[in-house]
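Working notes for the structure below.
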Amino acid sequence: MLAAIVAVAALVTGFAFGANGERIATLFLIYLCAVLSISVFTGGSGITSFGHAAFMGIGAYVSGILTMPKALQVSALPQLPAFLAGHETGIVIAVLAVAAAGLIAGLITGVPVARLGGSSASIATLALLIIVHVILNGAREITRGSQTFYGVPRLTTLLTALIFAMAFILIARLFRDTGPGLRLRATRENDVAAQACGVSLFQVRYAGWILSAVLGALAGALYGHFLGAFSPKDFYFDLTFLLIAMLIVGGMLTVTGAIVGTALITAVIQILRLAEGGIDLGFVHIPVIFGLTQLGLGMALLLTIWRRPLGIVGLQELGPKLKALVALAPAETPAKPASSDKSLTVTTLSKRFGGLQACDDLSFTIARGKVTGLIGPNGAGKTTLVNLICGQLKPDRGTVMIDGENMVGRAPHLIAKAGLGRTFQAIKLFDRMTVLENVTVAALTIESNLSAARNAAETLLVRLDLGKEAQRLAGTLAYGERRRLEIARALALKPRYLLLDEPAAGMNPVETEALKSMLDRIRHDFDLGLLVIEHDMHLIMRLCDHIVVINKGQKIAEGAPAAIRRDPKVIEAYIGAAPETEIIAPTPSTGGVKNETAIGIA
Ligand SMILES: Nc1ncnc2c1ncn2[C@@H]1O[C@H](COP(=O)(O)OP(=O)(O)OP(=O)(O)O)[C@@H](O)[C@H]1O
């Protein structure tokens with residue numbers, strides 16, 4: 001549908017408004033290809049790329065050199081190296097060479113970009129733009145340096161641009177809604193949660209970057225064959241600014257946004273360019289205003305960021321959702337070791353933050369099929385411990401064995417793949433993705449294709465009473481539903497162990513009761529070991545088979561709930577005084593009898 005709208009709009013403009021209309025329509029389609037090439041990476045990862053004009057430059061020059069007529073080459077590029085001189089290839093070979101050049105450029109430049117992430121990655125893309133600009137200027141024998149590179153056959157017609165634009169829309173949509181794109185979008189929403197779902201930040205960013213580099217180079221070739229003559233400055237800041245403005249104004253999160261932004265800014269530019277030269281309307285004369293186009297672009301950008309940070313389109317994607325497509329990069333199913341040891345065992349795990357020993361020689365076991373509770377007063381080190389087990393933090397010493405395999409030193413996404421699911425104290429969902437997509441991201445880690453992952457996710461949502469919410473954005477869910485979705489997402493990993501960090505935090509008693517029933521069901525239905533961190537003693541005492549208590553980073557007790565309730569060290573840690581000091585817990589079981597203290601549960 002998107003492609004059809006673009007095609008009709010471009011063809012109508014192209015044929016109804018003469019040569020100028022055709023030029024504008026062609027330019028719009030070329031810009032659209034360029035914006036989509038950025039959107040594949042930037043829209044997916046949330047990392048703004050300022051470097052794609054560089055890929056376009058590479059594409060334009062590669063195709064220009066290869067397709068330049070031999071006769072012109074002699075005068076335009078007299079110093080061309082021998083291996084390039086005297087060759088004139090057809091456009092098909094040139095396009096393949098452009099794609100290869102984009103691939104190589106993407107492979108090389110993607111390493112720092114994918115490793116860095118965030119604003120550091122954006123700055124790296126800016127460095128890329130500058131480096132390529134300097135190279136294009138410096139390689140005079142091949143590019144004519146800062147002089148105009150001419151003699152490039154003007155092969156880009158309205159029709160060729162349209163064919164490319166259609167292909168780009170299809171690729172961008174396919175990428176967005178299939179495995180790699182879904183996982184990349186998850187990293188944009190929350191990189192820590194994405195890793196906990198088994199997503200390798202580096203791999204998905206790298207894949208997205210390489211694809212976008214290839215598309216960028218192809219868009220550049222298209223642009224080069226439209227211009228016929230260009231110089232390095234045509235692929236520098238002005239073009240970067242223009243493309244980024246198109247992406248941001250339309251909305252970088254969707255393909256629809258890229259299309260709307262490109263169309264709008266192309267139209268605005270044409271109008272501003274007309275006005276820039278001065279307009280005489282008879283009754284009023286608008287004088288020449290230099291830089292009006294750039295000024296207009298800047299204003300559009302500012303207004304959008306201020307009034308609509310997600311762009312005009314926001315999160316709305318036009319057209320059908322691409323379902324049941326085979327994932328482009330199926331995740332390999334983790335080989336679960338055939339071990340007789342079915343437990344998650346933590347041994348002498350320690351972590352110090354500066355002068356604070358957050359975890360001190362902690363050792364305990366989470367057994368499969370059992371619910372283990374981890375309790376302790378505020379600041380005891382519970383979350384730090386979970387982060388150490390999940391690989392989010394590196395321990396100073398100690399081991400974390402999952403069914404006999406040591407996890408220490410492994411990246412969080414690999415530990416997730418090895419069978420460890422988790423939720424977070426402060427809920428971390430992929431808010432701008434649907435409920436179904438949230439769970440599918442995790443299911444993709446263990447299922448072989450997108451279809452299977454989607455089916456597994458749907459089944460899980462139904463089991464956790466979220467079936468009806470599947471197509472809602474996760475950010476719009478109520479609090480209790482958000483907690484449930486986080487658990488559903490963790491279960492999609494088919495974990496052998498599931499760590500829940502304060503699942504009842506912020507819940508009212510009714511919601512907590514529902515949570516308890518759900519956890520009972522999970523423990524019954526799934527063959528996993530549960531570790532539940534909670535401050536709600538009422539819940540913990542009824543839910544757990546075994547409880548580990550830590551205070552100031554050290555384990556102070558462990559055992560069955562009944563024993564823990566009356567453990568003097570536990571009571572002291574919670575109440576802050578020794579039980580001998582006649583503290584009476586107001587519970588029916590103790591009835592307020594001195595020295596029969598228990599921490600407050602019924
Ligand atoms: N990244 C960090 N850098 C420095 N100190 C930290 C860091 N993370 C945690 N701490 C400190 O380590 C101690 C243990 O914190 P942690 O969050 O693990 O406790 P907790 O038992 O989960 O507390 P709560 O029940 O309040 O969530 C606290 O004193 C905390 O301030």
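We name chains A, B, ... following the order of the structure tokens; residues begin at 1 in each chain, and ligands are numbered from 1 as shown.
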query = Which neighbours of range 35-51 of chain A fall inside 6 Å, counting only C-alpha atoms, when residues of the same chain fewer than 6 positions from it are skipped, and could you give them as number ranges by chain?
reply = A: 118, 122, 125-126, 128-129, 172, 184-185, 188, 208-209, 212, 215-216, 243, 252-253
Handout entry: Nearby polymer residues, ligand 1, at most 10 Å, only C-alpha atoms and all ligand atoms, as JSON, numbers by chain
Key = {"A": [351, 352, 353, 354, 355, 356, 357, 358, 359, 374, 375, 376, 377, 378, 379, 380, 381, 382, 383, 384, 385, 386, 387, 388, 393, 425, 426, 501, 502, 533, 534, 535, 550, 551, 552, 553]}
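Per DSSP on the backbone, strand (DSSP E or B) in range 367-515 of chain A comprises Ala367, Val371, Thr372, Gly373, Leu374, Ile375, Arg397, Gly398, Thr399, Val400, Met401, Ile402, Glu405, Asn406, Leu420, Gly421, Arg422, Thr434, Leu473, Tyr497, Leu498, Leu499, Leu500 and Asp501 of chain A.
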Atom pair CA of Leu477 in chain A + CA of Leu429 in chain A, distance 10.4 Å
Quick one, how far is CA of Pro69 in chain A from CA of Ile142 in chain A?
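CA of Ile142 in chain A lies at a distance of 14.6 Å from CA of Pro69 in chain A.
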Exercise. Name all residues at most 8 Å from Val532 in chain A (count only C-alpha atoms; drop same-chain ones fewer than 4 positions away) and give them as a PyMOL selection string.
Key: chain A and resi 371-374+499-503+540
Write the residues of the preceding selection, restricted to N, CA and C atoms, as a PDB file, in the first residue's frame.
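Result file is out_22.pdb:
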```pdb
ATOM      1  N   VAL A 371      10.867 -22.977  44.217  1.00  0.00           N
ATOM      2  CA  VAL A 371      10.877 -21.512  44.282  1.00  0.00           C
ATOM      3  C   VAL A 371      11.786 -21.096  45.425  1.00  0.00           C
ATOM      4  N   THR A 372      12.825 -20.340  45.056  1.00  0.00           N
ATOM      5  CA  THR A 372      13.747 -19.844  46.080  1.00  0.00           C
ATOM      6  C   THR A 372      13.476 -18.363  46.266  1.00  0.00           C
ATOM      7  N   GLY A 373      13.380 -17.940  47.488  1.00  0.00           N
ATOM      8  CA  GLY A 373      13.180 -16.522  47.770  1.00  0.00           C
ATOM      9  C   GLY A 373      14.506 -15.887  48.150  1.00  0.00           C
ATOM     10  N   LEU A 374      14.712 -14.659  47.717  1.00  0.00           N
ATOM     11  CA  LEU A 374      15.903 -13.924  48.126  1.00  0.00           C
ATOM     12  C   LEU A 374      15.414 -12.652  48.804  1.00  0.00           C
ATOM     13  N   LEU A 499      14.635 -15.417  37.152  1.00  0.00           N
ATOM     14  CA  LEU A 499      14.878 -14.532  38.288  1.00  0.00           C
ATOM     15  C   LEU A 499      13.905 -13.364  38.229  1.00  0.00           C
ATOM     16  N   LEU A 500      13.101 -13.216  39.249  1.00  0.00           N
ATOM     17  CA  LEU A 500      12.108 -12.140  39.279  1.00  0.00           C
ATOM     18  C   LEU A 500      12.515 -11.126  40.343  1.00  0.00           C
ATOM     19  N   ASP A 501      12.835  -9.909  39.900  1.00  0.00           N
ATOM     20  CA  ASP A 501      13.296  -8.875  40.825  1.00  0.00           C
ATOM     21  C   ASP A 501      12.107  -8.023  41.259  1.00  0.00           C
ATOM     22  N   GLU A 502      11.653  -8.256  42.457  1.00  0.00           N
ATOM     23  CA  GLU A 502      10.507  -7.544  43.057  1.00  0.00           C
ATOM     24  C   GLU A 502       9.284  -7.520  42.144  1.00  0.00           C
ATOM     25  N   PRO A 503       8.741  -8.686  41.805  1.00  0.00           N
ATOM     26  CA  PRO A 503       7.591  -8.729  40.888  1.00  0.00           C
ATOM     27  C   PRO A 503       6.338  -8.086  41.472  1.00  0.00           C
ATOM     28  N   ILE A 540       6.255 -13.869  49.923  1.00  0.00           N
ATOM     29  CA  ILE A 540       7.457 -14.719  49.922  1.00  0.00           C
ATOM     30  C   ILE A 540       7.247 -15.980  50.765  1.00  0.00           C
TER      31      ILE A 540
END
```
Problem - Which of A:Leu302, A:Met166, A:Ala99, A:Val152 sits closest to Lys70 in chain A [using only C-alpha atoms] - result: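 Using only C-alpha atoms, Lys70 in chain A sits closest to A:Val152.
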### Query
Among range 384-597 of chain A, which residues carry a DSSP assignment of helix (DSSP H, G or I), reported as number ranges by chain?
A: 384-390, 412-417, 435-443, 450-463, 467-469, 474-476, 479-491, 509-525, 537-543, 561-565, 568-575, 579-581
inquiry  = One number please: CA of Val462 in chain A to CA of Glu481 in chain A, in Å, one decimal.
reply    =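 Computing the Euclidean distance for CA of Val462 in chain A and CA of Glu481 in chain A yields 12.6 Å.
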- Query: Leaving out Ile487 in chain A and any residue of its chain fewer than 3 positions from it, which residues lie within 9 Å of it when counting only C-alpha atoms, given as a list in words?
  - Reply: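 In the requested format, the answer is Gly421, Arg422, Thr423, Leu464, Arg482, Arg483, Arg484, Ala490, Leu491, Ala492, Leu498, Leu500 and Pro503 of chain A.
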Output the selection as a short mmCIF file (atom, residue, chain, number, x, y, z; two decimals), in the first residue's frame - N, CA and C atoms for each residue.
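File produced: part_33.cif:
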```cif
data_model
loop_
_atom_site.label_atom_id
_atom_site.label_comp_id
_atom_site.auth_asym_id
_atom_site.auth_seq_id
_atom_site.Cartn_x
_atom_site.Cartn_y
_atom_site.Cartn_z
N GLY A 421 16.26 -16.56 32.41
CA GLY A 421 15.35 -15.44 32.14
C GLY A 421 15.31 -14.53 33.35
N ARG A 422 14.99 -13.26 33.12
CA ARG A 422 14.90 -12.35 34.27
C ARG A 422 13.90 -11.24 34.01
N THR A 423 13.42 -10.67 35.11
CA THR A 423 12.65 -9.43 35.03
C THR A 423 13.39 -8.39 35.86
N LEU A 464 -0.76 -16.21 29.89
CA LEU A 464 -0.59 -15.20 30.95
C LEU A 464 -1.66 -14.11 30.87
N ARG A 482 1.88 -4.80 32.75
CA ARG A 482 3.30 -4.61 32.39
C ARG A 482 4.18 -5.63 33.10
N ARG A 483 3.89 -5.84 34.38
CA ARG A 483 4.66 -6.83 35.13
C ARG A 483 4.48 -8.22 34.51
N ARG A 484 3.23 -8.53 34.13
CA ARG A 484 2.93 -9.84 33.56
C ARG A 484 3.64 -10.01 32.21
N ALA A 490 10.18 -13.06 29.55
CA ALA A 490 11.27 -13.89 30.09
C ALA A 490 10.99 -15.38 29.86
N LEU A 491 9.71 -15.76 29.97
CA LEU A 491 9.36 -17.18 29.77
C LEU A 491 9.53 -17.60 28.31
N ALA A 492 9.47 -16.62 27.39
CA ALA A 492 9.62 -16.95 25.97
C ALA A 492 11.00 -17.50 25.66
N LEU A 498 14.46 -18.73 36.27
CA LEU A 498 13.84 -17.43 36.06
C LEU A 498 14.02 -16.59 37.31
N LEU A 500 13.10 -13.22 39.25
CA LEU A 500 12.11 -12.14 39.28
C LEU A 500 12.52 -11.13 40.34
N PRO A 503 8.74 -8.69 41.80
CA PRO A 503 7.59 -8.73 40.89
C PRO A 503 6.34 -8.09 41.47
#
```
task: With a distance cut-off of 12 Å and only C-alpha atoms, select the neighbouring residues of Gln73 in chain A, excluding the residue or stretch itself and same-chain residues fewer than 4 positions from it, and output the selection as a ChimeraX atom specification.
output: /A:64-69,77-81,84-88,141-144,149-153
